[in-house]
file final.cif (mmCIF, C-alpha atoms)
data_protein
loop_
_atom_site.label_atom_id
_atom_site.label_comp_id
_atom_site.auth_asym_id
_atom_site.auth_seq_id
_atom_site.Cartn_x
_atom_site.Cartn_y
_atom_site.Cartn_z
CA MET A 1 -6.84 12.03 14.75
CA LYS A 2 -6.24 8.36 14.58
CA LEU A 3 -3.54 6.80 16.72
CA ALA A 4 -1.69 3.80 15.37
CA ALA A 5 1.36 1.91 16.62
CA CYS A 6 3.55 0.58 13.83
CA ALA A 7 6.34 -2.02 14.05
CA LEU A 8 9.15 -2.92 11.68
CA LEU A 9 9.19 -6.26 9.88
CA SER A 10 12.58 -7.88 9.83
CA ALA A 11 12.36 -9.51 6.41
CA VAL A 12 10.55 -7.61 3.69
CA GLY A 13 12.43 -8.96 0.70
CA SER A 14 10.85 -12.39 0.59
CA ALA A 15 7.53 -13.05 -1.09
CA ALA A 16 6.86 -15.69 1.56
CA ALA A 17 6.91 -12.96 4.18
CA PHE A 18 3.82 -11.50 2.55
CA ALA A 19 1.58 -14.56 2.57
CA PRO A 20 -1.76 -13.82 4.30
CA ALA A 21 -0.86 -16.15 7.14
CA SER A 22 2.28 -14.12 7.77
CA PHE A 23 0.84 -10.64 7.39
CA GLY A 24 0.19 -10.00 11.06
CA VAL A 25 2.76 -7.73 12.68
CA SER A 26 3.23 -8.12 16.40
CA ARG A 27 2.87 -4.77 18.08
CA ALA A 28 2.95 -5.76 21.73
CA THR A 29 6.46 -7.20 21.55
CA GLN A 30 8.04 -4.33 19.65
CA SER A 31 9.33 -0.99 20.87
CA THR A 32 6.91 1.39 19.16
CA GLU A 33 5.65 4.93 19.42
CA LEU A 34 2.20 6.28 18.76
CA TYR A 35 1.93 8.28 15.56
CA ALA A 36 -1.12 10.35 14.67
CA ARG A 37 -2.45 10.10 11.11
CA LYS A 38 -5.44 12.11 10.00
CA PRO A 39 -8.10 9.90 8.37
CA PHE A 40 -8.75 10.42 4.67
CA ILE A 41 -12.08 9.49 3.09
CA SER A 42 -12.16 9.78 -0.69
CA GLY A 43 -14.52 8.94 -3.52
CA ASN A 44 -13.65 7.94 -7.09
CA TRP A 45 -16.50 8.70 -9.50
CA LYS A 46 -14.84 6.92 -12.45
CA LEU A 47 -16.94 7.36 -15.64
CA ASN A 48 -19.85 8.89 -13.72
CA PRO A 49 -22.19 10.73 -13.59
CA GLN A 50 -23.40 11.44 -17.12
CA THR A 51 -24.09 15.18 -17.07
CA ARG A 52 -22.71 18.35 -15.52
CA GLU A 53 -26.01 18.96 -13.75
CA GLU A 54 -25.90 15.52 -12.15
CA ALA A 55 -22.30 16.13 -11.04
CA ILE A 56 -23.22 19.44 -9.41
CA THR A 57 -26.16 17.88 -7.58
CA LEU A 58 -24.14 14.90 -6.35
CA ALA A 59 -21.18 17.02 -5.25
CA SER A 60 -23.47 19.46 -3.43
CA GLU A 61 -25.31 16.67 -1.64
CA ILE A 62 -22.05 15.04 -0.55
CA ALA A 63 -20.65 18.35 0.69
CA ALA A 64 -23.79 18.83 2.77
CA THR A 65 -23.00 15.65 4.72
CA VAL A 66 -19.79 17.19 6.07
CA GLY A 67 -20.66 19.06 9.24
CA PRO A 68 -19.30 20.15 12.61
CA ASP A 69 -19.97 16.71 14.09
CA SER A 70 -18.16 14.85 11.31
CA PRO A 71 -14.88 13.11 12.15
CA ASP A 72 -11.72 15.19 11.90
CA ALA A 73 -10.80 13.77 8.52
CA ASP A 74 -9.74 14.90 5.07
CA VAL A 75 -12.44 14.30 2.46
CA ALA A 76 -11.92 14.30 -1.30
CA LEU A 77 -13.75 13.51 -4.51
CA PHE A 78 -11.82 12.36 -7.58
CA VAL A 79 -13.98 13.29 -10.56
CA PRO A 80 -13.81 13.22 -14.38
CA TYR A 81 -11.81 16.11 -15.85
CA VAL A 82 -14.87 17.77 -17.40
CA PHE A 83 -16.60 18.03 -14.00
CA ILE A 84 -13.67 19.39 -11.98
CA ASP A 85 -14.61 23.06 -12.17
CA ALA A 86 -18.29 22.42 -11.47
CA ALA A 87 -17.48 20.15 -8.54
CA LEU A 88 -15.03 22.67 -7.06
CA ASN A 89 -17.71 25.35 -7.11
CA ALA A 90 -20.33 22.98 -5.68
CA VAL A 91 -18.36 21.77 -2.65
CA GLY A 92 -16.79 25.06 -1.57
CA ASP A 93 -14.42 24.54 1.33
CA LYS A 94 -16.17 21.41 2.61
CA LEU A 95 -13.87 18.99 0.81
CA THR A 96 -11.18 18.60 -1.85
CA VAL A 97 -11.76 17.88 -5.53
CA GLY A 98 -9.07 15.92 -7.37
CA ALA A 99 -8.48 14.39 -10.80
CA GLU A 100 -8.81 10.72 -11.65
CA GLY A 101 -5.50 10.72 -13.45
CA VAL A 102 -2.79 12.77 -15.14
CA CYS A 103 -0.38 12.46 -18.04
CA PRO A 104 3.32 12.30 -17.07
CA GLU A 105 4.14 14.51 -20.06
CA MET A 106 3.92 18.27 -19.66
CA LYS A 107 3.16 19.36 -23.24
CA GLY A 108 3.35 18.29 -26.85
CA ALA A 109 1.67 15.86 -29.25
CA PHE A 110 -0.28 13.78 -26.72
CA THR A 111 -3.88 13.96 -27.93
CA GLY A 112 -6.42 13.65 -25.15
CA ALA A 113 -3.87 14.02 -22.36
CA VAL A 114 -4.07 16.37 -19.37
CA SER A 115 -0.88 17.51 -17.62
CA ALA A 116 -0.17 18.24 -13.98
CA SER A 117 0.28 21.94 -14.72
CA MET A 118 -3.10 22.06 -16.47
CA LEU A 119 -4.77 20.52 -13.43
CA LYS A 120 -2.98 22.85 -11.04
CA SER A 121 -4.06 25.87 -13.09
CA VAL A 122 -7.74 25.07 -12.47
CA GLY A 123 -7.31 24.57 -8.74
CA VAL A 124 -6.57 20.85 -8.48
CA GLN A 125 -4.02 19.71 -5.90
CA TRP A 126 -4.64 15.94 -5.88
CA ALA A 127 -4.74 13.21 -8.52
CA LEU A 128 -4.98 9.43 -8.60
CA ALA A 129 -2.22 7.28 -10.05
CA GLY A 130 -2.05 3.53 -10.54
CA HIS A 131 -5.71 2.62 -10.18
CA SER A 132 -6.18 -1.00 -11.26
CA GLU A 133 -8.60 -0.01 -14.02
CA ARG A 134 -5.91 2.22 -15.52
CA ARG A 135 -3.35 -0.56 -15.15
CA VAL A 136 -5.53 -3.34 -16.58
CA ILE A 137 -7.85 -1.64 -19.08
CA PHE A 138 -5.57 1.14 -20.32
CA GLY A 139 -2.25 -0.66 -19.98
CA GLU A 140 -0.55 1.89 -17.72
CA THR A 141 2.74 0.43 -16.54
CA ASP A 142 4.57 0.91 -13.26
CA GLU A 143 7.01 3.17 -15.10
CA TYR A 144 4.18 5.32 -16.49
CA ILE A 145 2.58 5.50 -13.05
CA ASN A 146 5.89 6.49 -11.51
CA GLY A 147 6.11 9.29 -14.07
CA GLN A 148 2.68 10.50 -12.99
CA CYS A 149 3.75 10.57 -9.35
CA ILE A 150 6.97 12.43 -10.10
CA LYS A 151 5.29 15.09 -12.27
CA LEU A 152 2.63 15.75 -9.64
CA ILE A 153 5.26 16.11 -6.92
CA GLU A 154 7.43 18.32 -9.14
CA ASN A 155 4.44 20.62 -9.61
CA GLY A 156 3.87 20.92 -5.87
CA MET A 157 0.81 18.68 -5.94
CA SER A 158 -0.17 15.51 -4.10
CA VAL A 159 -0.89 12.00 -5.34
CA MET A 160 -2.86 8.98 -4.22
CA LEU A 161 -0.94 5.93 -5.44
CA CYS A 162 -3.18 2.89 -5.86
CA ILE A 163 -1.77 -0.62 -5.46
CA GLY A 164 -3.24 -4.08 -5.14
CA GLU A 165 -3.25 -7.68 -6.30
CA SER A 166 -5.56 -9.75 -8.50
CA GLU A 167 -7.66 -12.58 -7.10
CA ALA A 168 -5.28 -15.15 -8.60
CA GLU A 169 -2.30 -13.43 -6.97
CA TYR A 170 -4.12 -13.26 -3.65
CA GLU A 171 -4.97 -16.96 -3.76
CA LYS A 172 -1.27 -17.72 -4.38
CA ASN A 173 -0.27 -15.69 -1.29
CA LEU A 174 1.35 -13.00 -3.45
CA ALA A 175 -0.53 -9.95 -2.15
CA GLY A 176 2.43 -8.57 -0.23
CA ALA A 177 4.91 -9.31 -3.01
CA VAL A 178 2.71 -7.51 -5.56
CA CYS A 179 2.32 -4.51 -3.26
CA GLN A 180 6.08 -4.43 -2.69
CA VAL A 181 6.81 -4.27 -6.43
CA GLN A 182 4.14 -1.63 -7.07
CA LEU A 183 5.31 0.52 -4.16
CA LYS A 184 8.99 0.33 -5.07
CA LYS A 185 8.39 1.02 -8.75
CA GLY A 186 5.66 3.61 -8.23
CA LEU A 187 7.67 5.59 -5.68
CA ALA A 188 11.04 5.38 -7.44
CA GLY A 189 12.70 8.78 -7.25
CA ILE A 190 10.30 10.08 -4.59
CA SER A 191 12.29 11.41 -1.65
CA LYS A 192 11.55 10.94 2.02
CA GLU A 193 10.72 14.65 2.22
CA ASP A 194 8.15 14.36 -0.58
CA MET A 195 6.36 11.40 1.03
CA SER A 196 4.24 13.88 3.00
CA ARG A 197 2.40 14.48 -0.29
CA ILE A 198 1.86 10.80 -1.03
CA VAL A 199 -1.11 8.72 0.12
CA ILE A 200 -1.27 4.99 -0.61
CA ALA A 201 -4.55 3.29 -1.48
CA TYR A 202 -4.53 -0.49 -1.17
CA GLU A 203 -7.24 -1.84 -3.47
CA PRO A 204 -7.34 -5.61 -3.97
CA ILE A 205 -8.51 -5.91 -7.58
CA TRP A 206 -10.82 -8.79 -6.74
CA ALA A 207 -12.77 -6.52 -4.38
CA ILE A 208 -13.28 -3.55 -6.71
CA GLY A 209 -16.88 -3.28 -7.88
CA THR A 210 -17.57 -6.92 -7.07
CA GLY A 211 -19.28 -6.50 -3.73
CA LYS A 212 -16.50 -8.57 -2.17
CA VAL A 213 -14.62 -6.93 0.67
CA ALA A 214 -11.43 -8.14 2.26
CA THR A 215 -12.13 -8.88 5.89
CA PRO A 216 -10.94 -6.11 8.22
CA ALA A 217 -8.30 -8.49 9.58
CA THR A 218 -7.00 -9.30 6.08
CA ALA A 219 -6.99 -5.64 5.04
CA GLN A 220 -5.20 -4.67 8.26
CA SER A 221 -2.56 -7.34 7.67
CA VAL A 222 -1.81 -6.13 4.15
CA HIS A 223 -1.73 -2.51 5.33
CA ALA A 224 0.74 -3.43 8.07
CA THR A 225 2.89 -5.19 5.48
CA CYS A 226 2.77 -2.14 3.19
CA ARG A 227 3.86 0.04 6.09
CA ALA A 228 6.78 -2.29 6.76
CA ILE A 229 7.75 -2.08 3.07
CA LEU A 230 7.72 1.73 3.31
CA ALA A 231 9.90 1.52 6.42
CA ASP A 232 12.38 -0.60 4.48
CA MET A 233 12.31 1.85 1.55
CA TYR A 234 12.61 5.00 3.67
CA ASP A 235 12.56 4.71 7.46
CA GLN A 236 10.10 3.93 10.25
CA GLU A 237 9.21 7.58 10.82
CA THR A 238 8.19 8.01 7.18
CA ALA A 239 6.25 4.75 7.21
CA ASP A 240 4.41 5.75 10.39
CA ALA A 241 3.47 9.12 8.90
CA THR A 242 2.19 7.81 5.56
CA ARG A 243 -1.55 7.33 5.27
CA ILE A 244 -2.66 4.02 3.76
CA LEU A 245 -6.30 3.81 2.65
CA TYR A 246 -8.40 0.76 1.86
CA GLY A 247 -10.49 0.52 -1.29
CA GLY A 248 -12.65 -2.23 -2.67
CA SER A 249 -16.44 -2.13 -2.32
CA VAL A 250 -16.35 -0.08 0.90
CA THR A 251 -19.92 0.46 2.12
CA PRO A 252 -21.71 2.04 5.08
CA ASP A 253 -21.94 -1.47 6.53
CA SER A 254 -18.21 -2.17 6.34
CA VAL A 255 -16.57 1.21 6.95
CA ASP A 256 -16.78 1.33 10.76
CA GLU A 257 -14.92 -1.93 11.33
CA LEU A 258 -12.39 -1.12 8.61
CA MET A 259 -11.68 2.28 10.16
CA SER A 260 -11.16 0.62 13.54
CA GLN A 261 -8.03 -1.15 12.30
CA ALA A 262 -4.71 0.31 13.42
CA ASP A 263 -3.13 0.64 9.96
CA ILE A 264 -6.21 1.56 7.92
CA ASP A 265 -6.23 5.35 7.67
CA GLY A 266 -9.18 5.91 5.38
CA ALA A 267 -11.00 4.68 2.31
CA LEU A 268 -11.05 5.13 -1.46
CA VAL A 269 -14.68 4.50 -2.35
CA GLY A 270 -16.06 3.72 -5.78
CA GLY A 271 -19.73 2.86 -6.25
CA ALA A 272 -20.92 4.18 -2.88
CA SER A 273 -19.46 7.62 -3.67
CA LEU A 274 -22.17 8.00 -6.33
CA ASP A 275 -24.85 7.87 -3.64
CA SER A 276 -24.72 10.91 -1.36
CA GLU A 277 -26.52 9.15 1.50
CA LYS A 278 -24.21 6.15 1.44
CA PHE A 279 -21.06 8.20 0.98
CA GLY A 280 -22.19 10.63 3.66
CA ARG A 281 -22.42 7.73 6.09
CA ILE A 282 -18.90 6.63 5.10
CA ILE A 283 -17.59 10.17 5.60
CA ASN A 284 -19.20 10.12 9.04
CA PHE A 285 -17.72 6.77 10.02
CA GLN A 286 -17.91 5.60 13.62
CA PRO A 287 -14.93 3.47 14.67
CA LEU A 288 -15.91 0.55 16.86
#
call {"tool": "encode", "arguments": {"input": "final.cif", "output": "structure tokens"}}
result
Amino acid sequence: MKLAACALLSAVGSAAAFAPASFGVSRATQSTELYARKPFISGNWKLNPQTREEAITLASEIAATVGPDSPDADVALFVPYVFIDAALNAVGDKLTVGAEGVCPEMKGAFTGAVSASMLKSVGVQWALAGHSERRVIFGETDEYINGQCIKLIENGMSVMLCIGESEAEYEKNLAGAVCQVQLKKGLAGISKEDMSRIVIAYEPIWAIGTGKVATPATAQSVHATCRAILADMYDQETADATRILYGGSVTPDSVDELMSQADIDGALVGGASLDSEKFGRIINFQPL
């Protein structure tokens, strides 16, 4: 279990409070308590692989990297709908298989959509919501994403809510302000009690699939800011208990230092999750 000490920011309403230079949260000068959060390593296959046979092979190889000496962490694969059943059978009880998305509607004339109840009926307990590719390419709004979160929670499922800023927003010191808006809109109507089934994935858009990675210090600063926003929305106990993952070109070379940061509780991995050797190394991270 990972131990992290979290402090409360005094001013979370101002965009200026979220500039990179202001992200650092002083822990030594605050009255804090240690809170254990179980690490969570997850992979997002996106529109990959191309066949059922390839999916079974990849899922099996990844499951084989989880062993008795692996860190005490939750591990999940978010896979295309058509591969869910095959992946579930391939991984057994080694890890969790989730969906890459869900429709906020439950039934009706929504061609091509998949509901939370449909996913639950085939054994899925987790789904992604708010990934930047869904926001940018498919036009999913904060309101739509909030609907996804609510329907998953209403069906007794869990959700990984993805948030993050563009490169232009980052360069204008708006990372924290963007995360604040996406958190408040995405979690609207989600109670403190239901936050135990929410995981946040901070994915700076400029680092997704580009090979660019936010430095561990920058990622830690944004994560600390997100935790302070959650404390303002709910309370410090809820913020301290919520797992916040980092995503954005996470690799075997970057994972150890990222996982050594106090407020980084795991990773949402894209490209490297399609390589069982690379993803296996990420699953078996070694904090510095």
call {"tool": "closest_atom_pairs", "arguments": {"input": "final.cif", "of": "segment 89-133 of chain A", "to": "segment 170-183 of chain A", "cutoff": "12 Å", "atoms": "all atoms listed in the file", "output": "JSON lines"}}
result
{"residue": "A:Ala129", "atom": "CA", "partner": "A:Gln182", "partner_atom": "CA", "distance": 11.3}
{"residue": "A:Gly130", "atom": "CA", "partner": "A:Gln182", "partner_atom": "CA", "distance": 8.8}
{"residue": "A:His131", "atom": "CA", "partner": "A:Gln182", "partner_atom": "CA", "distance": 11.2}
{"residue": "A:Ser132", "atom": "CA", "partner": "A:Gln182", "partner_atom": "CA", "distance": 11.2}
call {"tool": "closest_residue", "arguments": {"input": "final.cif", "among": "A:Ala55, A:Met106, A:Val222, A:Ala36", "to": "Ser276 of chain A", "atoms": "all atoms listed in the file"}}
result
A:Ala55
call {"tool": "resolve_selection", "arguments": {"input": "final.cif", "expression": "the PyMOL selection byres ((chain A and resi 66) around 10)", "output": "list in words"}}
result
Glu61, Ile62, Ala63, Ala64, Thr65, Gly67, Pro68, Asp69, Ser70, Pro71, Ala73, Val75, Val91, Lys94, Leu95, Gly280, Arg281, Ile283 and Asn284 of chain A
call {"tool": "write_last_selection", "arguments": {"input": "final.cif", "atoms": "C-alpha atoms", "output": "PDB file, keeping the file's coordinate frame"}}
result
ATOM      1  CA  GLU A  61     -25.310  16.670  -1.640  1.00  0.00           C
ATOM      2  CA  ILE A  62     -22.050  15.040  -0.550  1.00  0.00           C
ATOM      3  CA  ALA A  63     -20.650  18.350   0.690  1.00  0.00           C
ATOM      4  CA  ALA A  64     -23.790  18.830   2.770  1.00  0.00           C
ATOM      5  CA  THR A  65     -23.000  15.650   4.720  1.00  0.00           C
ATOM      6  CA  GLY A  67     -20.660  19.060   9.240  1.00  0.00           C
ATOM      7  CA  PRO A  68     -19.300  20.150  12.610  1.00  0.00           C
ATOM      8  CA  ASP A  69     -19.970  16.710  14.090  1.00  0.00           C
ATOM      9  CA  SER A  70     -18.160  14.850  11.310  1.00  0.00           C
ATOM     10  CA  PRO A  71     -14.880  13.110  12.150  1.00  0.00           C
ATOM     11  CA  ALA A  73     -10.800  13.770   8.520  1.00  0.00           C
ATOM     12  CA  VAL A  75     -12.440  14.300   2.460  1.00  0.00           C
ATOM     13  CA  VAL A  91     -18.360  21.770  -2.650  1.00  0.00           C
ATOM     14  CA  LYS A  94     -16.170  21.410   2.610  1.00  0.00           C
ATOM     15  CA  LEU A  95     -13.870  18.990   0.810  1.00  0.00           C
ATOM     16  CA  GLY A 280     -22.190  10.630   3.660  1.00  0.00           C
ATOM     17  CA  ARG A 281     -22.420   7.730   6.090  1.00  0.00           C
ATOM     18  CA  ILE A 283     -17.590  10.170   5.600  1.00  0.00           C
ATOM     19  CA  ASN A 284     -19.200  10.120   9.040  1.00  0.00           C
TER      20      ASN A 284
END
call {"tool": "resolve_selection", "arguments": {"input": "final.cif", "expression": "the PyMOL selection byres ((chain A and resi 273) around 10)", "output": "list of chain:residue names"}}
result
A:Ser42, A:Gly43, A:Asn44, A:Trp45, A:Lys46, A:Leu58, A:Ala59, A:Ile62, A:Leu77, A:Phe78, A:Val250, A:Thr251, A:Leu268, A:Val269, A:Gly270, A:Gly271, A:Ala272, A:Leu274, A:Asp275, A:Ser276, A:Glu277, A:Lys278, A:Phe279, A:Gly280, A:Ile282, A:Ile283
call {"tool": "atom_distance", "arguments": {"input": "final.cif", "atom1": "atom CA of Leu288 of chain A", "atom2": "atom CA of Asp256 of chain A"}}
result
6.2 Å
call {"tool": "resolve_selection", "arguments": {"input": "final.cif", "expression": "the PyMOL selection byres ((chain A and resi 213) around 9)", "output": "count of residues only"}}
result
16
call {"tool": "atom_distance", "arguments": {"input": "final.cif", "atom1": "atom CA of Pro287 of chain A", "atom2": "atom CA of Arg243 of chain A"}}
result
16.8 Å
call {"tool": "residues_around", "arguments": {"input": "final.cif", "residues": "Arg135 of chain A", "least_positions_apart": "5", "cutoff": "12 Å", "atoms": "only C-alpha atoms", "output": "list in words"}}
result
Gly101, Ala129, Gly130, Glu140, Thr141, Asp142, Glu143, Tyr144, Ile145, Leu161, Cys162, Ile163, Gly164, Glu165, Ser166, Gln182 and Ile205 of chain A
call {"tool": "atom_distance", "arguments": {"input": "final.cif", "atom1": "atom CA of Asp74 of chain A", "atom2": "atom CA of Val124 of chain A"}}
result
15.1 Å
call {"tool": "residues_around", "arguments": {"input": "final.cif", "residues": "Tyr81 of chain A", "least_positions_apart": "4", "cutoff": "9 Å", "atoms": "all atoms listed in the file", "output": "CSV table (one decimal) with C-alpha atoms, in the coordinates of the input"}}
result
chain,number,residue,atom,x,y,z
A,85,ASP,CA,-14.6,23.1,-12.2
A,98,GLY,CA,-9.1,15.9,-7.4
A,99,ALA,CA,-8.5,14.4,-10.8
A,100,GLU,CA,-8.8,10.7,-11.6
A,101,GLY,CA,-5.5,10.7,-13.4
A,114,VAL,CA,-4.1,16.4,-19.4
A,119,LEU,CA,-4.8,20.5,-13.4
call {"tool": "closest_residue", "arguments": {"input": "final.cif", "among": "A:Thr96, A:Asn89, A:Ser60, A:Asn155", "to": "Lys120 of chain A", "atoms": "all atoms listed in the file"}}
result
A:Asn155
call {"tool": "closest_residue", "arguments": {"input": "final.cif", "among": "A:Ser221, A:Asn146, A:Ser191, A:Ser121", "to": "Ile84 of chain A", "atoms": "only C-alpha atoms"}}
result
A:Ser121
call {"tool": "residues_around", "arguments": {"input": "final.cif", "residues": "Val199 of chain A", "least_positions_apart": "6", "cutoff": "12 Å", "atoms": "all atoms listed in the file", "output": "JSON, numbers by chain"}}
result
{"A": [37, 38, 39, 40, 41, 42, 74, 126, 127, 128, 129, 130, 149, 157, 158, 159, 160, 161, 162, 163, 183, 186, 187, 226, 227, 230, 238, 239, 241, 242, 243, 244, 245, 246, 264, 265, 266, 267, 268]}
call {"tool": "write_last_selection", "arguments": {"input": "final.cif", "atoms": "C-alpha atoms", "output": "tab-separated table (two decimals), keeping the file's coordinate frame"}}
result
chain	number	residue	atom	x	y	z
A	37	ARG	CA	-2.45	10.10	11.11
A	38	LYS	CA	-5.44	12.11	10.00
A	39	PRO	CA	-8.10	9.90	8.37
A	40	PHE	CA	-8.75	10.42	4.67
A	41	ILE	CA	-12.08	9.49	3.09
A	42	SER	CA	-12.16	9.78	-0.69
A	74	ASP	CA	-9.74	14.90	5.07
A	126	TRP	CA	-4.64	15.94	-5.88
A	127	ALA	CA	-4.74	13.21	-8.52
A	128	LEU	CA	-4.98	9.43	-8.60
A	129	ALA	CA	-2.22	7.28	-10.05
A	130	GLY	CA	-2.05	3.53	-10.54
A	149	CYS	CA	3.75	10.57	-9.35
A	157	MET	CA	0.81	18.68	-5.94
A	158	SER	CA	-0.17	15.51	-4.10
A	159	VAL	CA	-0.89	12.00	-5.34
A	160	MET	CA	-2.86	8.98	-4.22
A	161	LEU	CA	-0.94	5.93	-5.44
A	162	CYS	CA	-3.18	2.89	-5.86
A	163	ILE	CA	-1.77	-0.62	-5.46
A	183	LEU	CA	5.31	0.52	-4.16
A	186	GLY	CA	5.66	3.61	-8.23
A	187	LEU	CA	7.67	5.59	-5.68
A	226	CYS	CA	2.77	-2.14	3.19
A	227	ARG	CA	3.86	0.04	6.09
A	230	LEU	CA	7.72	1.73	3.31
A	238	THR	CA	8.19	8.01	7.18
A	239	ALA	CA	6.25	4.75	7.21
A	241	ALA	CA	3.47	9.12	8.90
A	242	THR	CA	2.19	7.81	5.56
A	243	ARG	CA	-1.55	7.33	5.27
A	244	ILE	CA	-2.66	4.02	3.76
A	245	LEU	CA	-6.30	3.81	2.65
A	246	TYR	CA	-8.40	0.76	1.86
A	264	ILE	CA	-6.21	1.56	7.92
A	265	ASP	CA	-6.23	5.35	7.67
A	266	GLY	CA	-9.18	5.91	5.38
A	267	ALA	CA	-11.00	4.68	2.31
A	268	LEU	CA	-11.05	5.13	-1.46
call {"tool": "residues_around", "arguments": {"input": "final.cif", "residues": "Lys107 of chain A", "least_positions_apart": "3", "cutoff": "10 Å", "atoms": "only C-alpha atoms", "output": "tab-separated table (two decimals) with C-alpha atoms, in the frame of the given file"}}
result
chain	number	residue	atom	x	y	z
A	103	CYS	CA	-0.38	12.46	-18.04
A	104	PRO	CA	3.32	12.30	-17.07
A	110	PHE	CA	-0.28	13.78	-26.72
A	113	ALA	CA	-3.87	14.02	-22.36
A	114	VAL	CA	-4.07	16.37	-19.37
A	115	SER	CA	-0.88	17.51	-17.62
A	116	ALA	CA	-0.17	18.24	-13.98
A	117	SER	CA	0.28	21.94	-14.72
A	118	MET	CA	-3.10	22.06	-16.47
call {"tool": "residues_around", "arguments": {"input": "final.cif", "residues": "Arg52 of chain A", "least_positions_apart": "4", "cutoff": "8 Å", "atoms": "all atoms listed in the file", "output": "PyMOL selection string"}}
result
chain A and resi 56+83+86
call {"tool": "write_last_selection", "arguments": {"input": "final.cif", "atoms": "C-alpha atoms", "output": "mmCIF file, keeping the file's coordinate frame"}}
result
data_model
loop_
_atom_site.group_PDB
_atom_site.id
_atom_site.type_symbol
_atom_site.label_atom_id
_atom_site.label_comp_id
_atom_site.auth_asym_id
_atom_site.auth_seq_id
_atom_site.Cartn_x
_atom_site.Cartn_y
_atom_site.Cartn_z
ATOM 1 C CA ILE A 56 -23.220 19.440 -9.410
ATOM 2 C CA PHE A 83 -16.600 18.030 -14.000
ATOM 3 C CA ALA A 86 -18.290 22.420 -11.470
#
call {"tool": "closest_residue", "arguments": {"input": "final.cif", "among": "A:Pro80, A:Gly189, A:Gly123, A:Gly209", "to": "Gly147 of chain A", "atoms": "only C-alpha atoms"}}
result
A:Gly189
call {"tool": "build_atoms", "arguments": {"input": "final.cif", "residues": "segment 58-72 of chain A", "atoms": "N, CA and C atoms", "output": "mmCIF file, keeping the file's coordinate frame"}}
result
data_model
loop_
_atom_site.group_PDB
_atom_site.id
_atom_site.type_symbol
_atom_site.label_atom_id
_atom_site.label_comp_id
_atom_site.auth_asym_id
_atom_site.auth_seq_id
_atom_site.Cartn_x
_atom_site.Cartn_y
_atom_site.Cartn_z
ATOM 1 N N LEU A 58 -24.791 15.916 -7.183
ATOM 2 C CA LEU A 58 -24.140 14.900 -6.350
ATOM 3 C C LEU A 58 -23.074 15.523 -5.459
ATOM 4 N N ALA A 59 -22.233 16.386 -6.034
ATOM 5 C CA ALA A 59 -21.180 17.020 -5.250
ATOM 6 C C ALA A 59 -21.764 17.884 -4.135
ATOM 7 N N SER A 60 -22.829 18.607 -4.437
ATOM 8 C CA SER A 60 -23.470 19.460 -3.430
ATOM 9 C C SER A 60 -24.054 18.633 -2.303
ATOM 10 N N GLU A 61 -24.706 17.536 -2.658
ATOM 11 C CA GLU A 61 -25.310 16.670 -1.640
ATOM 12 C C GLU A 61 -24.248 16.035 -0.756
ATOM 13 N N ILE A 62 -23.142 15.632 -1.347
ATOM 14 C CA ILE A 62 -22.050 15.040 -0.550
ATOM 15 C C ILE A 62 -21.457 16.092 0.372
ATOM 16 N N ALA A 63 -21.216 17.288 -0.142
ATOM 17 C CA ALA A 63 -20.650 18.350 0.690
ATOM 18 C C ALA A 63 -21.542 18.657 1.883
ATOM 19 N N ALA A 64 -22.846 18.533 1.698
ATOM 20 C CA ALA A 64 -23.790 18.830 2.770
ATOM 21 C C ALA A 64 -23.715 17.826 3.913
ATOM 22 N N THR A 65 -23.111 16.653 3.655
ATOM 23 C CA THR A 65 -23.000 15.650 4.720
ATOM 24 C C THR A 65 -21.806 15.909 5.632
ATOM 25 N N VAL A 66 -20.941 16.837 5.244
ATOM 26 C CA VAL A 66 -19.790 17.190 6.070
ATOM 27 C C VAL A 66 -20.180 18.336 6.989
ATOM 28 N N GLY A 67 -20.215 18.054 8.285
ATOM 29 C CA GLY A 67 -20.660 19.060 9.240
ATOM 30 C C GLY A 67 -19.762 19.141 10.454
ATOM 31 N N PRO A 68 -20.132 19.968 11.406
ATOM 32 C CA PRO A 68 -19.300 20.150 12.610
ATOM 33 C C PRO A 68 -19.143 18.890 13.445
ATOM 34 N N ASP A 69 -20.062 17.948 13.311
ATOM 35 C CA ASP A 69 -19.970 16.710 14.090
ATOM 36 C C ASP A 69 -19.286 15.582 13.321
ATOM 37 N N SER A 70 -18.863 15.870 12.095
ATOM 38 C CA SER A 70 -18.160 14.850 11.310
ATOM 39 C C SER A 70 -16.787 14.581 11.902
ATOM 40 N N PRO A 71 -16.232 13.392 11.662
ATOM 41 C CA PRO A 71 -14.880 13.110 12.150
ATOM 42 C C PRO A 71 -13.865 14.113 11.606
ATOM 43 N N ASP A 72 -12.790 14.303 12.351
ATOM 44 C CA ASP A 72 -11.720 15.190 11.900
ATOM 45 C C ASP A 72 -10.916 14.443 10.842
#
